[in-house]
>>> print(open('upload-v1.txt').read())   # compact mmCIF, C-alpha atoms
# COMPACT_ATOMS: atom_id res chain seq x y z
CA MET A 1 30.02 188.42 -53.29
CA ALA A 2 29.21 184.95 -54.53
CA ASP A 3 30.56 183.91 -57.90
CA GLU A 4 27.99 183.70 -60.64
CA ILE A 5 28.75 180.76 -62.90
CA VAL A 6 26.68 179.75 -65.92
CA LEU A 7 27.47 176.86 -68.25
CA LEU A 8 25.97 176.72 -71.74
CA SER A 9 26.20 173.21 -73.08
CA THR A 10 24.36 170.23 -74.53
CA TRP A 11 23.86 167.05 -72.56
CA PRO A 12 25.57 164.61 -75.01
CA SER A 13 28.63 166.79 -75.65
CA MET A 14 31.86 165.25 -74.39
CA PHE A 15 33.32 168.76 -74.46
CA GLY A 16 30.61 170.22 -72.25
CA MET A 17 30.96 167.25 -69.89
CA ARG A 18 34.62 168.14 -69.36
CA VAL A 19 33.58 171.48 -67.90
CA ARG A 20 30.97 169.81 -65.69
CA VAL A 21 33.61 167.43 -64.34
CA ALA A 22 35.99 170.31 -63.60
CA LEU A 23 33.29 172.36 -61.87
CA ALA A 24 32.28 169.31 -59.82
CA GLU A 25 35.90 168.60 -58.88
CA LYS A 26 36.10 172.11 -57.45
CA GLY A 27 32.75 171.77 -55.67
CA LEU A 28 31.28 174.76 -57.50
CA LYS A 29 27.62 175.66 -57.80
CA TYR A 30 26.53 176.85 -61.23
CA GLU A 31 23.53 177.35 -63.45
CA TYR A 32 23.37 174.87 -66.31
CA ARG A 33 21.59 175.89 -69.50
CA GLU A 34 20.84 173.30 -72.13
CA GLU A 35 21.32 174.61 -75.67
CA ASP A 36 19.49 173.47 -78.78
CA LEU A 37 22.19 173.44 -81.45
CA TRP A 38 19.57 173.55 -84.21
CA ASN A 39 18.23 176.75 -82.64
CA LYS A 40 21.01 178.50 -80.73
CA SER A 41 20.05 180.95 -78.00
CA PRO A 42 20.80 184.67 -78.30
CA LEU A 43 22.90 184.28 -75.17
CA LEU A 44 25.13 181.65 -76.77
CA LEU A 45 25.51 183.71 -79.94
CA MET A 46 26.43 186.73 -77.85
CA MET A 47 28.82 184.90 -75.54
CA ASN A 48 30.62 182.97 -78.29
CA PRO A 49 30.15 185.06 -81.42
CA VAL A 50 33.33 183.71 -83.02
CA HIS A 51 32.51 180.00 -82.97
CA LYS A 52 28.85 179.93 -81.86
CA LYS A 53 29.61 176.65 -80.11
CA ILE A 54 29.23 175.06 -76.72
CA PRO A 55 30.52 174.77 -74.11
CA VAL A 56 30.72 178.35 -72.90
CA LEU A 57 31.41 179.18 -69.28
CA ILE A 58 30.15 182.57 -68.13
CA HIS A 59 31.87 183.69 -64.92
CA ASN A 60 30.45 186.86 -63.41
CA GLY A 61 29.22 187.83 -66.86
CA LYS A 62 32.49 187.15 -68.69
CA PRO A 63 32.51 184.32 -71.24
CA ILE A 64 35.21 181.70 -71.85
CA SER A 65 35.04 179.22 -74.72
CA GLU A 66 36.91 176.06 -75.78
CA SER A 67 36.56 173.24 -73.28
CA MET A 68 40.17 172.67 -72.17
CA ILE A 69 40.77 176.43 -71.99
CA ILE A 70 37.72 176.62 -69.73
CA VAL A 71 39.03 173.70 -67.63
CA GLU A 72 42.40 175.39 -67.21
CA TYR A 73 40.66 178.65 -66.26
CA ILE A 74 38.59 176.83 -63.63
CA ASP A 75 41.75 175.18 -62.29
CA GLU A 76 43.55 178.53 -62.01
CA VAL A 77 40.72 180.55 -60.47
CA TRP A 78 39.58 177.92 -57.97
CA ASN A 79 42.96 176.66 -56.95
CA HIS A 80 41.92 175.93 -53.38
CA LYS A 81 41.12 172.28 -53.99
CA SER A 82 41.53 169.37 -56.39
CA PRO A 83 44.29 170.79 -58.60
CA LEU A 84 43.91 169.37 -62.09
CA LEU A 85 47.32 170.39 -63.38
CA PRO A 86 50.50 169.49 -61.49
CA THR A 87 52.82 172.23 -60.21
CA ASP A 88 55.99 171.13 -61.99
CA PRO A 89 56.36 172.90 -65.40
CA TYR A 90 57.57 169.76 -67.20
CA GLN A 91 54.69 167.66 -65.88
CA ARG A 92 52.31 170.46 -66.80
CA ALA A 93 53.73 170.45 -70.33
CA GLN A 94 53.20 166.68 -70.59
CA ALA A 95 49.60 167.05 -69.37
CA ARG A 96 48.89 169.82 -71.89
CA PHE A 97 50.52 167.78 -74.66
CA TRP A 98 48.32 164.76 -74.05
CA ALA A 99 45.13 166.79 -73.61
CA ASP A 100 46.01 168.46 -76.92
CA TYR A 101 46.52 164.99 -78.46
CA VAL A 102 43.04 163.92 -77.33
CA ASP A 103 41.61 167.12 -78.82
CA LYS A 104 43.46 166.87 -82.12
CA LYS A 105 42.83 163.21 -82.76
CA LEU A 106 40.01 161.46 -80.97
CA TYR A 107 36.98 163.53 -81.90
CA ASP A 108 37.70 163.88 -85.61
CA ILE A 109 38.70 160.24 -86.00
CA GLY A 110 35.68 159.15 -83.98
CA LYS A 111 33.43 161.13 -86.33
CA LYS A 112 34.49 158.85 -89.19
CA ILE A 113 33.10 155.88 -87.26
CA ILE A 114 29.73 157.37 -86.34
CA TRP A 115 28.87 159.86 -89.04
CA SER A 116 30.55 158.44 -92.09
CA THR A 117 28.61 157.03 -95.01
CA LYS A 118 31.62 155.51 -96.73
CA GLY A 119 32.73 152.04 -95.64
CA GLU A 120 36.39 152.67 -96.38
CA GLU A 121 36.45 155.87 -94.39
CA GLN A 122 34.80 154.11 -91.49
CA GLU A 123 37.33 151.27 -91.60
CA THR A 124 40.21 153.75 -91.57
CA GLY A 125 38.51 155.59 -88.73
CA LYS A 126 38.21 152.41 -86.67
CA LYS A 127 41.86 151.52 -87.12
CA GLU A 128 43.06 155.04 -86.29
CA PHE A 129 40.73 155.28 -83.31
CA ILE A 130 42.04 152.12 -81.72
CA GLU A 131 45.62 153.22 -82.42
CA CYS A 132 44.95 156.47 -80.57
CA LEU A 133 43.37 154.74 -77.62
CA LYS A 134 46.27 152.27 -77.45
CA LEU A 135 48.76 155.14 -77.43
CA LEU A 136 46.83 156.79 -74.62
CA GLU A 137 46.65 153.48 -72.77
CA GLY A 138 50.43 153.26 -73.06
CA GLU A 139 50.76 156.74 -71.63
CA LEU A 140 48.55 155.76 -68.66
CA GLY A 141 50.84 152.82 -67.93
CA ASP A 142 50.27 151.36 -64.49
CA ASN A 143 49.12 154.63 -62.95
CA PRO A 144 45.60 154.83 -61.58
CA TYR A 145 45.08 158.09 -63.48
CA PHE A 146 46.81 160.05 -66.24
CA GLY A 147 47.52 162.55 -63.48
CA GLY A 148 49.42 159.84 -61.61
CA GLU A 149 47.99 159.14 -58.19
CA ASN A 150 45.38 161.83 -58.67
CA PHE A 151 42.70 162.52 -61.24
CA GLY A 152 43.93 165.40 -63.40
CA PHE A 153 43.83 167.45 -66.57
CA VAL A 154 44.31 164.63 -69.08
CA ASP A 155 41.80 162.46 -67.22
CA VAL A 156 39.24 165.26 -67.62
CA SER A 157 40.02 165.62 -71.33
CA LEU A 158 39.54 161.92 -72.08
CA VAL A 159 37.07 160.47 -69.59
CA THR A 160 34.12 162.27 -71.16
CA PHE A 161 34.68 160.34 -74.38
CA SER A 162 33.92 157.16 -72.44
CA GLY A 163 30.20 157.94 -72.50
CA TRP A 164 30.48 157.68 -76.27
CA PHE A 165 32.43 154.39 -76.28
CA HIS A 166 29.24 152.31 -76.58
CA THR A 167 28.23 154.40 -79.61
CA TYR A 168 31.65 154.04 -81.27
CA GLU A 169 31.54 150.31 -80.58
CA SER A 170 28.04 149.90 -81.93
CA TYR A 171 28.54 151.75 -85.21
CA GLY A 172 32.15 150.65 -85.59
CA ASN A 173 31.51 147.05 -84.69
CA LEU A 174 34.42 147.01 -82.30
CA SER A 175 35.11 146.27 -78.66
CA ILE A 176 37.15 148.89 -76.89
CA GLU A 177 37.44 146.68 -73.82
CA THR A 178 39.05 143.90 -75.88
CA GLU A 179 41.46 146.30 -77.56
CA CYS A 180 42.25 148.50 -74.56
CA PRO A 181 41.34 146.74 -71.31
CA LYS A 182 43.49 148.98 -69.11
CA LEU A 183 41.87 152.08 -70.54
CA VAL A 184 38.39 150.72 -69.90
CA ALA A 185 39.46 149.84 -66.35
CA TRP A 186 40.59 153.45 -66.00
CA THR A 187 37.17 154.74 -67.16
CA LYS A 188 35.47 152.58 -64.52
CA ARG A 189 37.86 153.90 -61.89
CA CYS A 190 37.04 157.47 -62.91
CA LEU A 191 33.31 156.74 -62.80
CA GLU A 192 33.69 155.86 -59.12
CA LYS A 193 34.31 159.54 -58.57
CA GLU A 194 31.19 161.56 -57.90
CA SER A 195 32.44 164.44 -60.07
CA VAL A 196 32.66 162.13 -63.08
CA SER A 197 29.57 159.97 -62.58
CA SER A 198 27.38 163.02 -62.01
CA SER A 199 28.71 164.74 -65.15
CA LEU A 200 28.71 161.98 -67.76
CA ALA A 201 25.58 161.25 -69.72
CA ASP A 202 24.22 157.71 -69.89
CA PRO A 203 25.89 155.77 -72.74
CA HIS A 204 22.60 154.30 -73.96
CA LYS A 205 20.97 157.71 -74.11
CA ILE A 206 23.99 158.95 -76.09
CA HIS A 207 23.56 156.05 -78.50
CA ASP A 208 19.88 156.93 -78.97
CA PHE A 209 20.89 160.55 -79.53
CA ALA A 210 23.48 159.53 -82.17
CA SER A 211 20.85 157.39 -83.86
CA GLU A 212 18.47 160.37 -84.01
CA VAL A 213 21.14 162.60 -85.52
CA ARG A 214 22.08 159.94 -88.08
CA LYS A 215 18.39 159.73 -89.10
CA ARG A 216 18.30 163.49 -89.39
CA LEU A 217 21.41 163.43 -91.57
CA GLY A 218 19.91 160.67 -93.67
CA ILE A 219 22.55 158.09 -92.89
CA GLU A 220 20.41 155.72 -90.89
CA MET B 1 74.25 174.10 -60.07
CA ALA B 2 74.25 172.00 -63.23
CA GLU B 3 74.45 173.92 -66.48
CA GLU B 4 71.16 174.30 -68.30
CA GLU B 5 71.08 172.56 -71.62
CA VAL B 6 68.42 173.84 -73.98
CA LYS B 7 68.02 172.59 -77.54
CA LEU B 8 65.45 173.62 -80.12
CA PHE B 9 64.68 171.44 -83.12
CA GLY B 10 63.11 173.51 -85.87
CA THR B 11 63.20 174.59 -89.47
CA TRP B 12 64.08 178.04 -90.76
CA ALA B 13 60.81 178.39 -92.65
CA SER B 14 58.45 177.15 -89.94
CA PRO B 15 56.41 179.76 -88.06
CA PHE B 16 55.95 177.20 -85.30
CA SER B 17 59.63 176.78 -84.41
CA ARG B 18 60.17 180.53 -84.95
CA ARG B 19 57.60 181.08 -82.18
CA ILE B 20 59.82 179.22 -79.75
CA GLU B 21 62.86 181.25 -80.84
CA VAL B 22 60.97 184.43 -79.91
CA ALA B 23 59.97 183.06 -76.52
CA LEU B 24 63.50 181.90 -75.68
CA LYS B 25 65.10 185.15 -76.86
CA LEU B 26 62.59 187.26 -74.88
CA LYS B 27 63.70 185.34 -71.80
CA GLY B 28 67.39 185.58 -72.68
CA VAL B 29 67.71 181.78 -72.66
CA GLN B 30 70.81 180.38 -74.35
CA TYR B 31 69.96 177.47 -76.59
CA GLU B 32 71.38 175.27 -79.29
CA TYR B 33 69.38 175.36 -82.50
CA ILE B 34 69.17 172.27 -84.65
CA GLU B 35 67.88 172.70 -88.20
CA GLU B 36 65.85 169.68 -89.26
CA ASN B 37 65.36 168.41 -92.78
CA LEU B 38 61.70 167.42 -92.81
CA THR B 39 62.17 165.10 -95.76
CA ASN B 40 64.81 163.24 -93.77
CA LYS B 41 64.04 163.62 -90.09
CA SER B 42 66.87 163.00 -87.67
CA PRO B 43 66.78 159.99 -85.31
CA ALA B 44 66.99 162.52 -82.48
CA LEU B 45 63.78 164.26 -83.56
CA LEU B 46 61.93 160.98 -84.01
CA ASN B 47 63.15 159.91 -80.59
CA TYR B 48 62.09 163.17 -78.91
CA ASN B 49 58.70 163.42 -80.61
CA PRO B 50 57.61 159.89 -81.48
CA VAL B 51 53.91 160.81 -81.36
CA HIS B 52 53.81 163.55 -83.99
CA LYS B 53 57.35 163.34 -85.44
CA GLN B 54 57.24 167.11 -85.96
CA ILE B 55 59.13 170.24 -85.13
CA PRO B 56 59.34 172.25 -82.99
CA VAL B 57 60.64 170.23 -80.10
CA LEU B 58 62.33 171.85 -77.13
CA VAL B 59 64.71 169.63 -75.18
CA HIS B 60 65.53 170.96 -71.73
CA ASN B 61 68.19 169.03 -69.84
CA GLY B 62 67.38 166.00 -71.97
CA LYS B 63 63.61 166.18 -71.51
CA PRO B 64 61.54 166.92 -74.62
CA VAL B 65 58.47 169.14 -74.97
CA ALA B 66 56.48 169.25 -78.21
CA GLU B 67 53.64 171.36 -79.71
CA SER B 68 54.40 175.06 -80.02
CA PHE B 69 51.83 176.42 -77.55
CA VAL B 70 52.71 173.72 -75.01
CA ILE B 71 56.39 174.65 -75.40
CA MET B 72 55.66 178.37 -75.07
CA GLU B 73 53.77 177.83 -71.82
CA TYR B 74 56.59 175.61 -70.57
CA VAL B 75 59.17 178.29 -71.39
CA ASP B 76 57.05 180.92 -69.64
CA GLU B 77 56.68 178.79 -66.51
CA THR B 78 60.31 177.68 -66.37
CA TRP B 79 61.97 181.06 -66.97
CA LYS B 80 59.69 183.38 -65.08
CA HIS B 81 61.14 186.79 -65.92
CA ASN B 82 59.65 188.78 -68.85
CA PRO B 83 56.37 186.86 -68.71
CA ILE B 84 54.67 186.25 -72.05
CA LEU B 85 51.31 185.20 -70.62
CA PRO B 86 49.23 187.59 -68.51
CA THR B 87 48.89 186.80 -64.79
CA ASP B 88 45.13 187.30 -64.66
CA PRO B 89 43.36 183.97 -65.35
CA TYR B 90 40.71 185.59 -67.58
CA GLU B 91 43.29 187.45 -69.65
CA LYS B 92 45.27 184.21 -69.90
CA ALA B 93 42.19 182.34 -71.12
CA MET B 94 41.64 185.03 -73.77
CA ALA B 95 45.23 184.77 -74.99
CA ARG B 96 44.93 180.98 -75.21
CA PHE B 97 41.55 181.25 -76.97
CA TRP B 98 42.81 183.58 -79.68
CA ALA B 99 46.06 181.65 -80.12
CA LYS B 100 44.00 178.48 -80.71
CA TYR B 101 41.79 180.45 -83.11
CA ILE B 102 44.85 181.43 -85.09
CA ASP B 103 46.09 177.85 -85.42
CA ASP B 104 42.67 176.24 -85.92
CA LYS B 105 41.16 178.79 -88.29
CA LEU B 106 43.55 181.40 -89.66
CA TRP B 107 46.44 179.06 -90.47
CA PRO B 108 44.35 176.52 -92.46
CA ALA B 109 42.67 179.40 -94.32
CA ALA B 110 46.05 180.98 -95.07
CA LYS B 111 47.31 177.69 -96.50
CA LYS B 112 44.13 177.33 -98.53
CA VAL B 113 44.11 180.83 -100.01
CA VAL B 114 47.38 180.27 -101.85
CA MET B 115 46.21 176.94 -103.21
CA THR B 116 42.84 177.98 -104.65
CA LYS B 117 41.57 180.30 -107.36
CA GLY B 118 38.47 182.05 -108.61
CA GLU B 119 35.30 181.92 -106.56
CA GLU B 120 36.71 179.44 -104.08
CA GLN B 121 39.70 181.68 -103.42
CA LYS B 122 37.47 184.70 -103.05
CA GLY B 123 35.48 182.85 -100.40
CA VAL B 124 38.64 182.08 -98.45
CA ILE B 125 39.83 185.69 -98.75
CA ASP B 126 36.52 186.86 -97.23
CA GLU B 127 36.97 184.30 -94.46
CA ILE B 128 40.48 185.52 -93.66
CA GLN B 129 39.35 189.14 -93.69
CA GLN B 130 36.68 188.31 -91.13
CA GLN B 131 39.17 186.37 -89.02
CA MET B 132 41.54 189.32 -89.06
CA LYS B 133 38.71 191.68 -88.12
CA ASN B 134 38.01 189.40 -85.17
CA LEU B 135 41.64 189.67 -84.14
CA GLU B 136 41.46 193.44 -84.44
CA GLY B 137 38.58 193.30 -81.96
CA GLU B 138 40.90 191.61 -79.50
CA LEU B 139 43.82 193.97 -80.15
CA LYS B 140 41.73 197.16 -79.90
CA GLU B 141 44.02 200.15 -79.24
CA LYS B 142 46.85 198.23 -77.64
CA LYS B 143 50.38 198.40 -78.98
CA PHE B 144 50.58 194.61 -78.94
CA PHE B 145 48.14 191.86 -78.01
CA GLY B 146 50.28 191.50 -74.90
CA GLY B 147 49.92 195.21 -74.07
CA GLU B 148 52.99 197.41 -73.99
CA SER B 149 55.29 194.54 -74.85
CA LEU B 150 54.72 191.52 -77.01
CA GLY B 151 53.21 188.43 -75.47
CA PHE B 152 51.83 184.97 -76.12
CA LEU B 153 49.24 186.01 -78.67
CA ASP B 154 51.61 188.28 -80.60
CA ILE B 155 54.02 185.35 -80.92
CA ALA B 156 51.19 183.00 -81.95
CA ALA B 157 50.05 185.52 -84.58
CA ASN B 158 53.42 185.32 -86.32
CA ILE B 159 51.80 183.13 -88.98
CA ILE B 160 50.27 186.31 -90.41
CA ILE B 161 53.74 187.15 -91.70
CA TRP B 162 53.84 183.84 -93.55
CA LEU B 163 50.55 184.70 -95.24
CA VAL B 164 51.75 188.19 -96.16
CA VAL B 165 54.98 186.84 -97.67
CA ALA B 166 53.20 184.06 -99.59
CA GLN B 167 50.76 186.56 -101.07
CA GLU B 168 53.61 188.87 -102.04
CA ALA B 169 55.53 185.99 -103.60
CA LEU B 170 52.52 185.11 -105.74
CA GLY B 171 51.76 188.70 -106.70
CA MET B 172 48.38 188.56 -104.95
CA ASP B 173 46.60 191.63 -103.57
CA PRO B 174 47.45 191.54 -99.88
CA ILE B 175 44.53 190.71 -97.62
CA LEU B 176 46.20 192.56 -94.74
CA ASN B 177 46.20 196.03 -96.20
CA GLU B 178 46.22 199.31 -94.34
CA GLU B 179 42.92 200.46 -95.76
CA LYS B 180 40.80 197.47 -94.82
CA LEU B 181 42.57 196.37 -91.64
CA PRO B 182 44.34 199.43 -90.25
CA VAL B 183 44.57 198.19 -86.68
CA LEU B 184 46.16 194.84 -87.54
CA HIS B 185 48.32 196.43 -90.21
CA GLY B 186 49.74 198.86 -87.64
CA TRP B 187 50.35 196.00 -85.22
CA LEU B 188 52.25 194.04 -87.86
CA GLN B 189 54.58 196.95 -88.54
CA ARG B 190 55.30 197.26 -84.81
CA LEU B 191 55.88 193.52 -84.56
CA LEU B 192 58.36 193.53 -87.42
CA ASP B 193 60.15 196.49 -85.82
CA ASP B 194 60.54 194.77 -82.49
CA ALA B 195 64.21 194.10 -81.75
CA VAL B 196 63.71 190.51 -80.61
CA PHE B 197 60.92 189.51 -82.97
CA LYS B 198 62.64 190.63 -86.13
CA GLU B 199 65.51 188.20 -85.46
CA CYS B 200 63.00 185.37 -85.55
CA VAL B 201 61.53 185.62 -89.03
CA PRO B 202 63.02 184.01 -92.12
CA PRO B 203 65.20 186.37 -94.18
CA LYS B 204 62.74 188.11 -96.51
CA GLN B 205 64.18 187.28 -99.92
CA ARG B 206 64.84 183.66 -99.01
CA HIS B 207 61.28 183.43 -97.65
CA LEU B 208 59.83 184.96 -100.82
CA ASP B 209 61.81 182.56 -103.01
CA PHE B 210 60.75 179.63 -100.86
CA SER B 211 57.07 180.67 -101.07
CA LYS B 212 57.28 181.12 -104.82
CA VAL B 213 58.58 177.61 -105.23
CA LYS B 214 56.16 176.11 -102.74
CA PHE B 215 52.98 177.80 -103.98
CA GLY B 216 53.95 179.21 -107.37
CA SER B 217 53.19 176.07 -109.29
CA SER B 218 49.74 175.90 -107.71
CA ILE B 219 46.69 177.03 -109.61
CA ALA B 220 46.46 180.20 -107.53
CA SER B 221 49.42 182.12 -108.92
CA LYS B 222 48.75 184.88 -111.41
>>> encode(input="upload-v1.txt", output="structure tokens")
Amino acid sequence: MADEIVLLSTWPSMFGMRVRVALAEKGLKYEYREEDLWNKSPLLLMMNPVHKKIPVLIHNGKPISESMIIVEYIDEVWNHKSPLLPTDPYQRAQARFWADYVDKKLYDIGKKIIWSTKGEEQETGKKEFIECLKLLEGELGDNPYFGGENFGFVDVSLVTFSGWFHTYESYGNLSIETECPKLVAWTKRCLEKESVSSSLADPHKIHDFASEVRKRLGIE
Amino acid sequence: MAEEEVKLFGTWASPFSRRIEVALKLKGVQYEYIEENLTNKSPALLNYNPVHKQIPVLVHNGKPVAESFVIMEYVDETWKHNPILPTDPYEKAMARFWAKYIDDKLWPAAKKVVMTKGEEQKGVIDEIQQQMKNLEGELKEKKFFGGESLGFLDIAANIIIWLVVAQEALGMDPILNEEKLPVLHGWLQRLLDDAVFKECVPPKQRHLDFSKVKFGSSIASK
């Protein structure tokens, strides 16, 4: 029996994009359903009653929420190709640590740059954001990917933020390429992969989207 | 074969390092425990966890692992007997989901409830009650979240004890009472009775005294 896979997400979400990348890496066919977060579908509310958030993966009717938990699930179920986590427990721990770092830091700090109305908060956000990216750049080192020779778990967790770099740069008046050239080179390398380029939304469209939301929130 | 060297950096009052103690003891792993003073962190800790500078940190044959859930998964994968995570990928995803829920939602609410008063506190109490009801939905009729024996999610849910003790220290009506949350209440009693788990909680009186000092001067105490 064929697997039935449904992904509930929104096109600009860097979290939803992570799941798309993972599904593409595994060569999986799935039904994509675009959610309207101002008017959530009954299906979303039923499948993620606790958080009512996207992304949600529904595999043969059973829902999984939280993007990196979904990615790990995908990696474990479809372990026939493109492993995202290494096999060695210590390397796996390092990968989980850094994916957790991206989750704990980047999104919330990035919010200060795009959605903040206070200049001081935005300045702090900019500084912290660049510090985070520099730390991640240091972790990448001279490897082609965070996963070493191969695209892996940490790459998935971070690469989807790259679609938002133009937006962070625009509202933050900063240049990520100047600050973190190796990291930007890494994003370009990742975008050469079909699984990444087909899953990431266009940076200019994301910027337009952010602009719309800022207008809606009354901060633009 | 080289001798295994396992060190755990923690603090006696931290639920996060206590989680690792449970995991290691369930696996029968011998380890050296190092008590950290968080107001004066050791050079070793800062060296092993330069990113967050926090406990717990597990150091296995000189290699450090940080973040309690990351460490727990590492322990489970390194010492494979007495598994703490389920083998089924869906069950594993559920355990991870609820563990994250506990740290992202329940723990911040628990910290908040002892630092607020009046209407604001009441709001947080309602929030925690709902969160605990959600956890009951996951536990259902099982003995532990892990089934017959305690597992990843039971260990993650240890922070509930910290909330219970803090509320007791402040003379607050306990949110986790038998009447309102019978399923979770029953689970907690079983958890505290478990031979391994009960070695990994702070001594009660010391914990109460600590909570009184930490939260007692806040506006929430009666």
>>> closest_atom_pairs(input="upload-v1.txt", of="chain A", to="chain B", cutoff="9 Å", atoms="only C-alpha atoms", output="tab-separated table")
residue	atom	partner	partner_atom	distance
A:Val50	CA	B:Asn134	CA	7.7
A:Lys62	CA	B:Tyr90	CA	8.4
A:Ile64	CA	B:Ala93	CA	7.0
A:Ser65	CA	B:Phe97	CA	7.2
A:Glu66	CA	B:Phe97	CA	7.1
A:Ile69	CA	B:Ala93	CA	6.1
A:Ile70	CA	B:Ala93	CA	7.4
A:Glu72	CA	B:Ala93	CA	8.0
A:Tyr73	CA	B:Pro89	CA	6.0
A:Ile74	CA	B:Pro89	CA	8.8
A:Glu76	CA	B:Pro89	CA	6.4
A:Val77	CA	B:Pro89	CA	6.5
A:Asp88	CA	B:Glu77	CA	8.9
A:Pro89	CA	B:Tyr74	CA	5.8
A:Tyr90	CA	B:Tyr74	CA	6.8
A:Arg92	CA	B:Tyr74	CA	7.7
A:Ala93	CA	B:Val70	CA	5.8
A:Gln94	CA	B:Val65	CA	7.3
A:Arg96	CA	B:Val70	CA	6.3
A:Phe97	CA	B:Val70	CA	6.3
A:Asp100	CA	B:Glu67	CA	8.6
A:Tyr101	CA	B:Val51	CA	9.0
A:Leu135	CA	B:Val51	CA	8.6
>>> residues_around(input="upload-v1.txt", residues="Gly148 of chain A", least_positions_apart="5", cutoff="12 Å", atoms="only C-alpha atoms", output="list in words")
Leu84, Leu85, Pro86, Gln91, Gln94, Ala95, Glu139, Leu140, Gly141, Asp142, Asn143, Phe153, Val154, Asp155 and Trp186 of chain A
>>> residues_around(input="upload-v1.txt", residues="segment 6-17 of chain B", least_positions_apart="3", cutoff="6 Å", atoms="only C-alpha atoms", output="ChimeraX atom specification")
/B:20,31-36,55-60,68,159
>>> closest_residue(input="upload-v1.txt", among="A:Ala210, A:Val196, A:Ile130, A:Leu28", to="Ala2 of chain A", atoms="all atoms listed in the file")
A:Leu28
>>> residues_around(input="upload-v1.txt", residues="Thr167 of chain A", least_positions_apart="2", cutoff="8 Å", atoms="only C-alpha atoms", output="list of chain:residue names")
A:Ile114, A:Trp164, A:Phe165, A:Glu169, A:Ser170, A:Tyr171, A:Pro203, A:His204, A:Ile206, A:His207, A:Ala210
>>> atom_distance(input="upload-v1.txt", atom1="atom CA of Gly172 of chain A", atom2="atom CA of Ile113 of chain A")
5.6 Å
>>> closest_residue(input="upload-v1.txt", among="A:Ile219, A:Met14, A:Leu7, A:Leu158", to="Gly61 of chain A", atoms="only C-alpha atoms")
A:Leu7
>>> residues_around(input="upload-v1.txt", residues="Val156 of chain A", least_positions_apart="3", cutoff="8 Å", atoms="only C-alpha atoms", output="list in words")
Arg18, Val21, Ala22, Phe151, Gly152, Phe153, Val159 and Thr160 of chain A
>>> residues_around(input="upload-v1.txt", residues="Val124 of chain B", least_positions_apart="3", cutoff="9 Å", atoms="all atoms listed in the file", output="VMD selection string")
chain B and resid 109 to 110 112 to 113 116 119 to 121 127 to 129
>>> residues_near_point(input="upload-v1.txt", point="(46.7, 197.9, -85.5)", cutoff="12 Å", atoms="only C-alpha atoms", output="JSON, numbers by chain")
{"B": [132, 133, 135, 136, 137, 138, 139, 140, 141, 142, 143, 144, 145, 154, 176, 177, 178, 179, 180, 181, 182, 183, 184, 185, 186, 187, 188, 189, 190, 191]}
>>> closest_residue(input="upload-v1.txt", among="A:Lys40, A:Asn150, A:Phe129, A:Asp208", to="Ser175 of chain A", atoms="all atoms listed in the file")
A:Phe129
>>> atom_distance(input="upload-v1.txt", atom1="atom CA of Gly151 of chain B", atom2="atom CA of Lys204 of chain B")
23.1 Å
>>> closest_residue(input="upload-v1.txt", among="A:Asn39, A:Thr87, A:Asn60, A:Gln122", to="Asn173 of chain A", atoms="all atoms listed in the file")
A:Gln122
>>> atom_distance(input="upload-v1.txt", atom1="atom CA of Leu163 of chain B", atom2="atom CA of Lys111 of chain B")
7.8 Å
>>> closest_residue(input="upload-v1.txt", among="A:Thr178, A:Ser199, A:Thr10, A:Thr117", to="Leu217 of chain A", atoms="all atoms listed in the file")
A:Thr117
